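Asker: Hey, dropping protein-v8.pdb in here, PDB, C-alpha atoms:
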ATOM      1  CA  MET V   1       3.530 -10.523   7.348
ATOM      2  CA  PHE V   2       3.062 -10.228  11.096
ATOM      3  CA  PRO V   3       0.454  -7.773  12.430
ATOM      4  CA  MET V   4       2.027  -4.591  13.779
ATOM      5  CA  LEU V   5       1.223  -3.819  17.398
ATOM      6  CA  ASP V   6      -0.005  -0.300  18.100
ATOM      7  CA  VAL V   7       0.698   0.278  21.795
ATOM      8  CA  LEU V   8      -1.439   3.423  21.682
ATOM      9  CA  LYS V   9      -4.622   1.457  20.967
ATOM     10  CA  ILE V  10      -4.203  -1.987  22.514
ATOM     11  CA  PRO V  11      -6.672  -3.144  25.198
ATOM     12  CA  PRO V  12      -5.631  -3.393  28.875
ATOM     13  CA  GLY V  13      -5.017  -7.148  28.702
ATOM     14  CA  GLU V  14      -2.513  -6.826  25.879
ATOM     15  CA  LEU V  15      -0.874  -3.837  27.555
ATOM     16  CA  PHE V  16      -0.403  -5.887  30.744
ATOM     17  CA  ALA V  17       1.117  -8.768  28.757
ATOM     18  CA  LEU V  18       3.403  -6.349  26.916
ATOM     19  CA  LEU V  19       4.617  -4.716  30.127
ATOM     20  CA  VAL V  20       5.306  -8.093  31.741
ATOM     21  CA  ALA V  21       7.288  -9.324  28.728
ATOM     22  CA  ILE V  22       9.310  -6.115  28.334
ATOM     23  CA  GLY V  23       9.918  -5.899  32.085
ATOM     24  CA  PHE V  24      11.225  -9.464  32.132
ATOM     25  CA  ALA V  25      13.475  -8.809  29.146
ATOM     26  CA  ALA V  26      14.840  -5.650  30.791
ATOM     27  CA  GLY V  27      15.599  -7.624  33.947
ATOM     28  CA  LEU V  28      17.756  -9.975  31.888
ATOM     29  CA  ASN V  29      19.478  -7.401  29.698
ATOM     30  CA  LEU V  30      18.285  -3.802  29.856
ATOM     31  CA  TYR V  31      20.495  -2.431  27.089
ATOM     32  CA  ALA V  32      19.534  -5.139  24.594
ATOM     33  CA  THR V  33      15.857  -4.517  25.360
ATOM     34  CA  VAL V  34      16.095  -0.747  24.905
ATOM     35  CA  ALA V  35      18.123  -1.116  21.701
ATOM     36  CA  ALA V  36      15.633  -3.636  20.296
ATOM     37  CA  LEU V  37      12.660  -1.398  21.121
ATOM     38  CA  GLY V  38      14.398   1.596  19.574
ATOM     39  CA  LEU V  39      15.278  -0.232  16.366
ATOM     40  CA  LEU V  40      11.809  -1.764  16.000
ATOM     41  CA  ALA V  41      10.244   1.668  16.433
ATOM     42  CA  HIS V  42      12.728   3.458  14.191
ATOM     43  CA  PHE V  43      12.041   1.125  11.278
ATOM     44  CA  GLY V  44       8.275   1.311  11.702
ATOM     45  CA  HIS V  45       7.564  -2.042  13.327
ATOM     46  CA  LEU V  46       6.340  -0.587  16.633
ATOM     47  CA  PRO V  47       4.601   2.772  17.208
ATOM     48  CA  LEU V  48       5.945   3.879  20.568
ATOM     49  CA  PRO V  49       3.748   5.905  22.942
ATOM     50  CA  PRO V  50       4.738   9.585  23.321
ATOM     51  CA  GLY V  51       6.566   8.918  26.570
ATOM     52  CA  LEU V  52       8.958   6.452  24.902
ATOM     53  CA  GLN V  53       9.473   7.974  21.468
ATOM     54  CA  LEU V  54      12.920   9.171  22.531
ATOM     55  CA  LEU V  55      14.044   5.519  22.366
ATOM     56  CA  GLN V  56      13.779   5.484  18.572
ATOM     57  CA  SER V  57      16.318   8.288  18.118
ATOM     58  CA  TRP V  58      19.715   7.239  16.796
ATOM     59  CA  PRO V  59      21.643   8.663  19.788
ATOM     60  CA  ILE V  60      19.644   6.511  22.233
ATOM     61  CA  ILE V  61      19.861   3.476  19.954
ATOM     62  CA  GLY V  62      23.605   4.007  19.578
ATOM     63  CA  VAL V  63      24.256   4.400  23.300
ATOM     64  CA  SER V  64      22.122   1.413  24.274
ATOM     65  CA  ALA V  65      23.724  -0.736  21.545
ATOM     66  CA  ALA V  66      27.203   0.291  22.713
ATOM     67  CA  LEU V  67      26.336  -0.537  26.326
ATOM     68  CA  PHE V  68      24.897  -3.852  25.179
ATOM     69  CA  ALA V  69      28.202  -4.595  23.443
ATOM     70  CA  VAL V  70      30.063  -3.800  26.677
ATOM     71  CA  GLU V  71      27.701  -5.984  28.706
ATOM     72  CA  PHE V  72      27.948  -8.786  26.146
ATOM     73  CA  PHE V  73      31.613  -9.220  27.039
ATOM     74  CA  ALA V  74      31.554  -8.055  30.682
ATOM     75  CA  ASP V  75      28.813 -10.536  31.542
ATOM     76  CA  LYS V  76      30.920 -13.429  30.287
ATOM     77  CA  VAL V  77      34.118 -12.708  32.220
ATOM     78  CA  PRO V  78      34.318 -14.859  35.373
ATOM     79  CA  ALA V  79      34.460 -12.845  38.621
ATOM     80  CA  PHE V  80      33.950  -9.498  36.859
ATOM     81  CA  ASP V  81      30.406 -10.548  35.962
ATOM     82  CA  LEU V  82      29.648 -10.657  39.709
ATOM     83  CA  VAL V  83      30.466  -6.968  40.088
ATOM     84  CA  TRP V  84      28.675  -6.078  36.857
ATOM     85  CA  ASN V  85      25.430  -7.836  37.773
ATOM     86  CA  ALA V  86      25.481  -6.568  41.358
ATOM     87  CA  LEU V  87      25.737  -2.966  40.134
ATOM     88  CA  HIS V  88      23.013  -3.535  37.544
ATOM     89  CA  THR V  89      20.546  -4.551  40.211
ATOM     90  CA  PHE V  90      20.236  -0.807  40.781
ATOM     91  CA  ILE V  91      19.973  -0.031  37.060
ATOM     92  CA  ARG V  92      17.787  -2.719  35.467
ATOM     93  CA  VAL V  93      15.028  -2.601  38.075
ATOM     94  CA  PRO V  94      14.384   1.182  38.303
ATOM     95  CA  VAL V  95      14.820   1.731  34.560
ATOM     96  CA  ALA V  96      12.354  -1.072  33.808
ATOM     97  CA  GLY V  97       9.894   0.680  36.121
ATOM     98  CA  LEU V  98      10.547   3.981  34.354
ATOM     99  CA  LEU V  99       9.968   2.393  30.937
ATOM    100  CA  ALA V 100       6.622   1.010  32.110
ATOM    101  CA  TYR V 101       5.668   4.377  33.602
ATOM    102  CA  ARG V 102       6.494   6.259  30.417
ATOM    103  CA  ALA V 103       4.827   3.633  28.224
ATOM    104  CA  THR V 104       1.498   4.222  29.998
ATOM    105  CA  SER V 105       1.497   8.027  29.793
ATOM    106  CA  GLN V 106      -1.988   7.844  28.268
ATOM    107  CA  LEU V 107      -3.346   6.377  31.516
ATOM    108  CA  SER V 108      -4.145   8.039  34.835
ATOM    109  CA  PRO V 109      -1.250   8.759  37.247
ATOM    110  CA  GLU V 110      -2.494   5.974  39.533
ATOM    111  CA  HIS V 111      -2.394   3.422  36.723
ATOM    112  CA  GLN V 112       0.990   4.721  35.623
ATOM    113  CA  LEU V 113       2.328   4.110  39.126
ATOM    114  CA  LEU V 114       0.913   0.579  39.129
ATOM    115  CA  ALA V 115       2.512  -0.035  35.724
ATOM    116  CA  ALA V 116       5.864   1.220  37.035
ATOM    117  CA  LEU V 117       5.647  -1.091  40.052
ATOM    118  CA  LEU V 118       4.748  -3.979  37.752
ATOM    119  CA  GLY V 119       7.664  -3.301  35.413
ATOM    120  CA  ALA V 120      10.157  -2.908  38.260
ATOM    121  CA  GLY V 121       8.840  -5.967  40.102
ATOM    122  CA  VAL V 122       9.017  -8.198  37.038
ATOM    123  CA  ALA V 123      12.526  -6.940  36.244
ATOM    124  CA  LEU V 124      13.634  -7.701  39.809
ATOM    125  CA  ILE V 125      12.270 -11.241  39.551
ATOM    126  CA  ALA V 126      13.991 -11.760  36.188
ATOM    127  CA  HIS V 127      17.262 -10.369  37.554
ATOM    128  CA  GLY V 128      16.975 -12.646  40.579
ATOM    129  CA  GLY V 129      16.313 -15.681  38.394
ATOM    130  CA  LYS V 130      19.285 -14.796  36.214
ATOM    131  CA  THR V 131      21.469 -14.534  39.315
ATOM    132  CA  ALA V 132      20.224 -17.874  40.662
ATOM    133  CA  ALA V 133      20.964 -19.582  37.351
ATOM    134  CA  ARG V 134      24.450 -18.096  37.363
ATOM    135  CA  ALA V 135      25.008 -19.297  40.915
ATOM    136  CA  ALA V 136      24.127 -22.814  39.811
ATOM    137  CA  VAL V 137      26.718 -22.951  37.014
ATOM    138  CA  THR V 138      29.483 -20.717  38.409
ATOM    139  CA  PRO V 139      31.093 -23.512  40.530
ATOM    140  CA  SER V 140      31.826 -25.372  37.295
ATOM    141  CA  PRO V 141      35.575 -25.074  36.549
ATOM    142  CA  GLU V 142      35.061 -24.632  32.801
ATOM    143  CA  PRO V 143      33.897 -21.214  31.524
ATOM    144  CA  LEU V 144      31.717 -22.443  28.651
ATOM    145  CA  SER V 145      28.626 -23.126  30.751
ATOM    146  CA  ASN V 146      28.627 -19.591  32.184
ATOM    147  CA  MET V 147      29.249 -18.056  28.758
ATOM    148  CA  GLY V 148      26.531 -20.187  27.193
ATOM    149  CA  LEU V 149      24.042 -19.183  29.871
ATOM    150  CA  SER V 150      24.896 -15.510  29.379
ATOM    151  CA  LEU V 151      24.446 -15.823  25.612
ATOM    152  CA  GLY V 152      21.105 -17.532  26.159
ATOM    153  CA  GLU V 153      19.985 -14.651  28.370
ATOM    154  CA  ASP V 154      20.911 -12.140  25.659
ATOM    155  CA  ILE V 155      18.972 -14.081  23.033
ATOM    156  CA  LEU V 156      15.963 -14.466  25.333
ATOM    157  CA  ALA V 157      15.881 -10.731  26.129
ATOM    158  CA  ILE V 158      15.963  -9.722  22.459
ATOM    159  CA  GLY V 159      13.624 -12.495  21.345
ATOM    160  CA  LEU V 160      11.066 -11.757  24.065
ATOM    161  CA  THR V 161      11.124  -8.050  23.185
ATOM    162  CA  TRP V 162      10.507  -8.798  19.522
ATOM    163  CA  LEU V 163       7.791 -11.352  20.316
ATOM    164  CA  ALA V 164       6.037  -8.876  22.623
ATOM    165  CA  THR V 165       5.603  -6.458  19.715
ATOM    166  CA  ARG V 166       4.047  -9.167  17.518
ATOM    167  CA  HIS V 167       2.269 -11.529  19.880
ATOM    168  CA  PRO V 168       1.998  -9.794  23.279
ATOM    169  CA  TYR V 169      -0.173 -12.477  24.862
ATOM    170  CA  LEU V 170       2.279 -15.234  23.919
ATOM    171  CA  ALA V 171       5.253 -13.187  25.098
ATOM    172  CA  GLY V 172       3.457 -12.315  28.331
ATOM    173  CA  ALA V 173       2.542 -15.956  28.912
ATOM    174  CA  LEU V 174       6.161 -17.040  28.424
ATOM    175  CA  ALA V 175       7.365 -14.353  30.826
ATOM    176  CA  MET V 176       4.737 -15.381  33.397
ATOM    177  CA  ALA V 177       5.858 -19.006  33.089
ATOM    178  CA  PHE V 178       9.453 -17.972  33.803
ATOM    179  CA  ILE V 179       8.256 -15.810  36.691
ATOM    180  CA  LEU V 180       6.314 -18.734  38.185
ATOM    181  CA  VAL V 181       9.399 -20.960  38.080
ATOM    182  CA  ILE V 182      11.530 -18.264  39.706
ATOM    183  CA  VAL V 183       8.942 -17.614  42.440
ATOM    184  CA  LEU V 184       8.762 -21.338  43.198
ATOM    185  CA  LEU V 185      12.542 -21.248  43.657
ATOM    186  CA  VAL V 186      12.458 -18.040  45.698
ATOM    187  CA  ARG V 187      14.732 -19.380  48.435
ATOM    188  CA  LEU V 188      17.417 -20.203  45.909
ATOM    189  CA  VAL V 189      16.961 -16.782  44.299
ATOM    190  CA  ILE V 190      17.369 -14.926  47.611
ATOM    191  CA  ARG V 191      20.410 -17.019  48.490
ATOM    192  CA  ALA V 192      21.922 -16.343  45.059
ATOM    193  CA  LEU V 193      21.336 -12.584  45.344
ATOM    194  CA  ARG V 194      23.091 -12.529  48.711
ATOM    195  CA  ALA V 195      25.980 -14.523  47.284
ATOM    196  CA  LEU V 196      26.134 -12.140  44.320
ATOM    197  CA  PHE V 197      26.684  -9.097  46.517
ATOM    198  CA  ARG V 198      29.147 -10.942  48.763
ATOM    199  CA  GLY V 199      31.112 -12.065  45.726
ATOM    200  CA  ALA V 200      31.044  -8.584  44.208
ATOM    201  CA  GLU V 201      32.255  -7.072  47.475
ATOM    202  CA  GLN V 202      35.124  -9.554  47.657
ATOM    203  CA  GLN V 203      36.128  -8.825  44.052
ATOM    204  CA  LEU V 204      36.130  -5.066  44.679
ATOM    205  CA  ALA V 205      38.137  -5.502  47.889
ATOM    206  CA  SER V 206      40.789  -7.711  46.254
TER
END
I need this file expressed as structure tokens, please.

Answerer:
Amino acid sequence: MFPMLDVLKIPPGELFALLVAIGFAAGLNLYATVAALGLLAHFGHLPLPPGLQLLQSWPIIGVSAALFAVEFFADKVPAFDLVWNALHTFIRVPVAGLLAYRATSQLSPEHQLLAALLGAGVALIAHGGKTAARAAVTPSPEPLSNMGLSLGEDILAIGLTWLATRHPYLAGALAMAFILVIVLLVRLVIRALRALFRGAEQQLAS
């Protein structure tokens, strides 16, 4: 049996690691992350703080799972995935910040704001790294590499969310390692984000 994480009682270090891991997962696939959190909480594997207990309701789980199913296919369709990911820059990042803010409702407003900035910032970095990785494989004429990368992102988002509820320090360390790699490749990330929006604009115009 794995120890169950009680987010209401964990020390600041574990809370930081948890927020980093969940923020990174949300930056990769927000809907998968929310659905995983909701299911883990609903079946008693993760006591959610008061600000996030809505996630364990079946309506929220159902909606997030349905949106994950839509994204699962939309994110693997060449060209359309450009539009999808460009639009989700404005969804994944703020919602990840909101999740972090609500998860720290037991803290002072100042610490809640810092948590929200942390969650949003980590999600933005993860989203940028995802975009850069896509930019690297998109020129390939065969679709399997892009589909495989998308599937890997889905698995990583769900796996990191689960791991964060069991071993927050390990999950946080993995997320920080990914963040470090992405930051070291920041020029490629910025270039890929620009290309993403240009490509999305061209697809919408055509």

Asker: Measuring atom to atom with all atoms listed in the file, identify which of V:Ala100, V:Leu40, V:Val77, V:Val122 is nearest to V:Thr165.

Answerer: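 Looking at the shortest contact to V:Thr165, the residue is V:Leu40.
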
Asker: Here is a test: counting only C-alpha atoms, which residue of V:Leu19, V:Val83, V:Leu52, V:Val63 is nearest to V:Pro168?

Answerer: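 Closest to V:Pro168 of all the choices is V:Leu19.
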
Asker: Find the distance between atom CA of V:Leu163 and atom CA of V:Ala36 and write it in Å to one decimal.

Answerer: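 We find that atom CA of V:Leu163 and atom CA of V:Ala36 lie 11.0 Å from each other.
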
Asker: Please determine, counting only C-alpha atoms, which residue among V:Ala123, V:Val183, V:Ala32, V:Leu118 has the shortest atom-to-atom distance to V:Phe72.

Answerer: V:Ala32

Asker: Ranking V:Pro49, V:Leu160, V:Leu87, V:Leu188 by minimum distance to V:Met176 and counting all atoms listed in the file, which one comes first?

Answerer: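 Counting all atoms listed in the file, the residue closest to V:Met176 is V:Leu160.
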
Asker: Between V:Leu54, V:Ile158, V:Leu184, V:Gly128, which is the closest to V:Ala86 once you count all atoms listed in the file?

Answerer: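 Selected residue with least distance to V:Ala86: V:Gly128.
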
Asker: Determine the residue set returned by the PyMOL selection byres ((chain V and resi 56) around 9) for the present structure, and present it as a list of chain:residue names.

Answerer: V:Ala35, V:Leu37, V:Gly38, V:Leu39, V:Leu40, V:Ala41, V:His42, V:Phe43, V:Leu48, V:Leu52, V:Gln53, V:Leu54, V:Leu55, V:Ser57, V:Trp58, V:Pro59, V:Ile60, V:Ile61

Asker: Just need stretch 37-64 of chain V in a file, please: N, CA, C and O atoms, as an mmCIF file, in the first residue's frame.

Answerer:
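Listing of out_24.cif after writing:
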data_model
loop_
_atom_site.group_PDB
_atom_site.id
_atom_site.type_symbol
_atom_site.label_atom_id
_atom_site.label_comp_id
_atom_site.auth_asym_id
_atom_site.auth_seq_id
_atom_site.Cartn_x
_atom_site.Cartn_y
_atom_site.Cartn_z
ATOM 1 N N LEU V 37 -7.172 14.136 -10.769
ATOM 2 C CA LEU V 37 -7.325 14.636 -9.406
ATOM 3 C C LEU V 37 -8.724 14.330 -8.868
ATOM 4 O O LEU V 37 -8.881 13.898 -7.716
ATOM 5 N N GLY V 38 -9.731 14.567 -9.708
ATOM 6 C CA GLY V 38 -11.100 14.319 -9.285
ATOM 7 C C GLY V 38 -11.354 12.857 -8.965
ATOM 8 O O GLY V 38 -11.974 12.530 -7.946
ATOM 9 N N LEU V 39 -10.867 11.963 -9.814
ATOM 10 C CA LEU V 39 -11.062 10.535 -9.585
ATOM 11 C C LEU V 39 -10.307 10.047 -8.354
ATOM 12 O O LEU V 39 -10.836 9.254 -7.557
ATOM 13 N N LEU V 40 -9.066 10.504 -8.188
ATOM 14 C CA LEU V 40 -8.284 10.115 -7.012
ATOM 15 C C LEU V 40 -8.973 10.565 -5.731
ATOM 16 O O LEU V 40 -9.011 9.832 -4.739
ATOM 17 N N ALA V 41 -9.520 11.775 -5.755
ATOM 18 C CA ALA V 41 -10.212 12.291 -4.571
ATOM 19 C C ALA V 41 -11.533 11.576 -4.346
ATOM 20 O O ALA V 41 -11.886 11.236 -3.205
ATOM 21 N N HIS V 42 -12.266 11.325 -5.420
ATOM 22 C CA HIS V 42 -13.582 10.700 -5.287
ATOM 23 C C HIS V 42 -13.497 9.304 -4.674
ATOM 24 O O HIS V 42 -14.372 8.904 -3.897
ATOM 25 N N PHE V 43 -12.433 8.578 -5.027
ATOM 26 C CA PHE V 43 -12.292 7.215 -4.518
ATOM 27 C C PHE V 43 -11.395 7.136 -3.281
ATOM 28 O O PHE V 43 -10.916 6.064 -2.914
ATOM 29 N N GLY V 44 -11.175 8.289 -2.644
ATOM 30 C CA GLY V 44 -10.522 8.306 -1.344
ATOM 31 C C GLY V 44 -9.021 8.198 -1.337
ATOM 32 O O GLY V 44 -8.423 7.911 -0.297
ATOM 33 N N HIS V 45 -8.368 8.443 -2.458
ATOM 34 C CA HIS V 45 -6.914 8.358 -2.509
ATOM 35 C C HIS V 45 -6.239 9.711 -2.272
ATOM 36 O O HIS V 45 -5.024 9.763 -2.099
ATOM 37 N N LEU V 46 -7.021 10.783 -2.256
ATOM 38 C CA LEU V 46 -6.452 12.119 -2.080
ATOM 39 C C LEU V 46 -7.478 13.046 -1.453
ATOM 40 O O LEU V 46 -8.451 13.412 -2.117
ATOM 41 N N PRO V 47 -7.287 13.435 -0.172
ATOM 42 C CA PRO V 47 -8.191 14.416 0.435
ATOM 43 C C PRO V 47 -7.913 15.803 -0.145
ATOM 44 O O PRO V 47 -6.844 16.366 0.072
ATOM 45 N N LEU V 48 -8.832 16.317 -0.907
ATOM 46 C CA LEU V 48 -8.643 17.637 -1.500
ATOM 47 C C LEU V 48 -8.911 18.733 -0.475
ATOM 48 O O LEU V 48 -9.771 18.579 0.397
ATOM 49 N N PRO V 49 -8.189 19.856 -0.572
ATOM 50 C CA PRO V 49 -8.491 20.998 0.302
ATOM 51 C C PRO V 49 -9.868 21.554 -0.036
ATOM 52 O O PRO V 49 -10.394 21.307 -1.132
ATOM 53 N N PRO V 50 -10.478 22.307 0.880
ATOM 54 C CA PRO V 50 -11.849 22.805 0.645
ATOM 55 C C PRO V 50 -12.017 23.530 -0.687
ATOM 56 O O PRO V 50 -13.043 23.395 -1.354
ATOM 57 N N GLY V 51 -10.999 24.276 -1.092
ATOM 58 C CA GLY V 51 -11.115 25.056 -2.312
ATOM 59 C C GLY V 51 -11.164 24.236 -3.578
ATOM 60 O O GLY V 51 -11.526 24.747 -4.646
ATOM 61 N N LEU V 52 -10.794 22.936 -3.493
ATOM 62 C CA LEU V 52 -10.770 22.086 -4.689
ATOM 63 C C LEU V 52 -11.718 20.900 -4.600
ATOM 64 O O LEU V 52 -11.721 20.046 -5.487
ATOM 65 N N GLN V 53 -12.518 20.828 -3.556
ATOM 66 C CA GLN V 53 -13.374 19.660 -3.383
ATOM 67 C C GLN V 53 -14.426 19.525 -4.481
ATOM 68 O O GLN V 53 -14.955 18.427 -4.708
ATOM 69 N N LEU V 54 -14.703 20.605 -5.176
ATOM 70 C CA LEU V 54 -15.643 20.546 -6.302
ATOM 71 C C LEU V 54 -15.133 19.597 -7.389
ATOM 72 O O LEU V 54 -15.934 19.009 -8.125
ATOM 73 N N LEU V 55 -13.812 19.424 -7.485
ATOM 74 C CA LEU V 55 -13.239 18.583 -8.536
ATOM 75 C C LEU V 55 -13.647 17.127 -8.407
ATOM 76 O O LEU V 55 -13.623 16.390 -9.399
ATOM 77 N N GLN V 56 -13.991 16.682 -7.177
ATOM 78 C CA GLN V 56 -14.317 15.277 -6.994
ATOM 79 C C GLN V 56 -15.781 14.955 -7.252
ATOM 80 O O GLN V 56 -16.203 13.810 -7.118
ATOM 81 N N SER V 57 -16.561 15.953 -7.670
ATOM 82 C CA SER V 57 -17.961 15.701 -8.015
ATOM 83 C C SER V 57 -18.031 15.058 -9.399
ATOM 84 O O SER V 57 -17.224 15.343 -10.279
ATOM 85 N N TRP V 58 -19.017 14.198 -9.590
ATOM 86 C CA TRP V 58 -19.142 13.497 -10.869
ATOM 87 C C TRP V 58 -19.351 14.440 -12.055
ATOM 88 O O TRP V 58 -18.826 14.179 -13.145
ATOM 89 N N PRO V 59 -20.116 15.534 -11.924
ATOM 90 C CA PRO V 59 -20.249 16.437 -13.067
ATOM 91 C C PRO V 59 -18.905 16.999 -13.539
ATOM 92 O O PRO V 59 -18.639 17.053 -14.747
ATOM 93 N N ILE V 60 -18.055 17.416 -12.593
ATOM 94 C CA ILE V 60 -16.746 17.964 -12.971
ATOM 95 C C ILE V 60 -15.863 16.869 -13.551
ATOM 96 O O ILE V 60 -15.177 17.080 -14.563
ATOM 97 N N ILE V 61 -15.887 15.684 -12.927
ATOM 98 C CA ILE V 61 -15.104 14.570 -13.460
ATOM 99 C C ILE V 61 -15.575 14.221 -14.868
ATOM 100 O O ILE V 61 -14.759 14.002 -15.776
ATOM 101 N N GLY V 62 -16.888 14.185 -15.066
ATOM 102 C CA GLY V 62 -17.434 13.844 -16.372
ATOM 103 C C GLY V 62 -17.067 14.850 -17.448
ATOM 104 O O GLY V 62 -16.654 14.469 -18.556
ATOM 105 N N VAL V 63 -17.187 16.138 -17.119
ATOM 106 C CA VAL V 63 -16.856 17.181 -18.094
ATOM 107 C C VAL V 63 -15.373 17.158 -18.442
ATOM 108 O O VAL V 63 -14.987 17.234 -19.618
ATOM 109 N N SER V 64 -14.522 17.064 -17.417
ATOM 110 C CA SER V 64 -13.084 17.064 -17.669
ATOM 111 C C SER V 64 -12.669 15.811 -18.445
ATOM 112 O O SER V 64 -11.794 15.884 -19.328
#
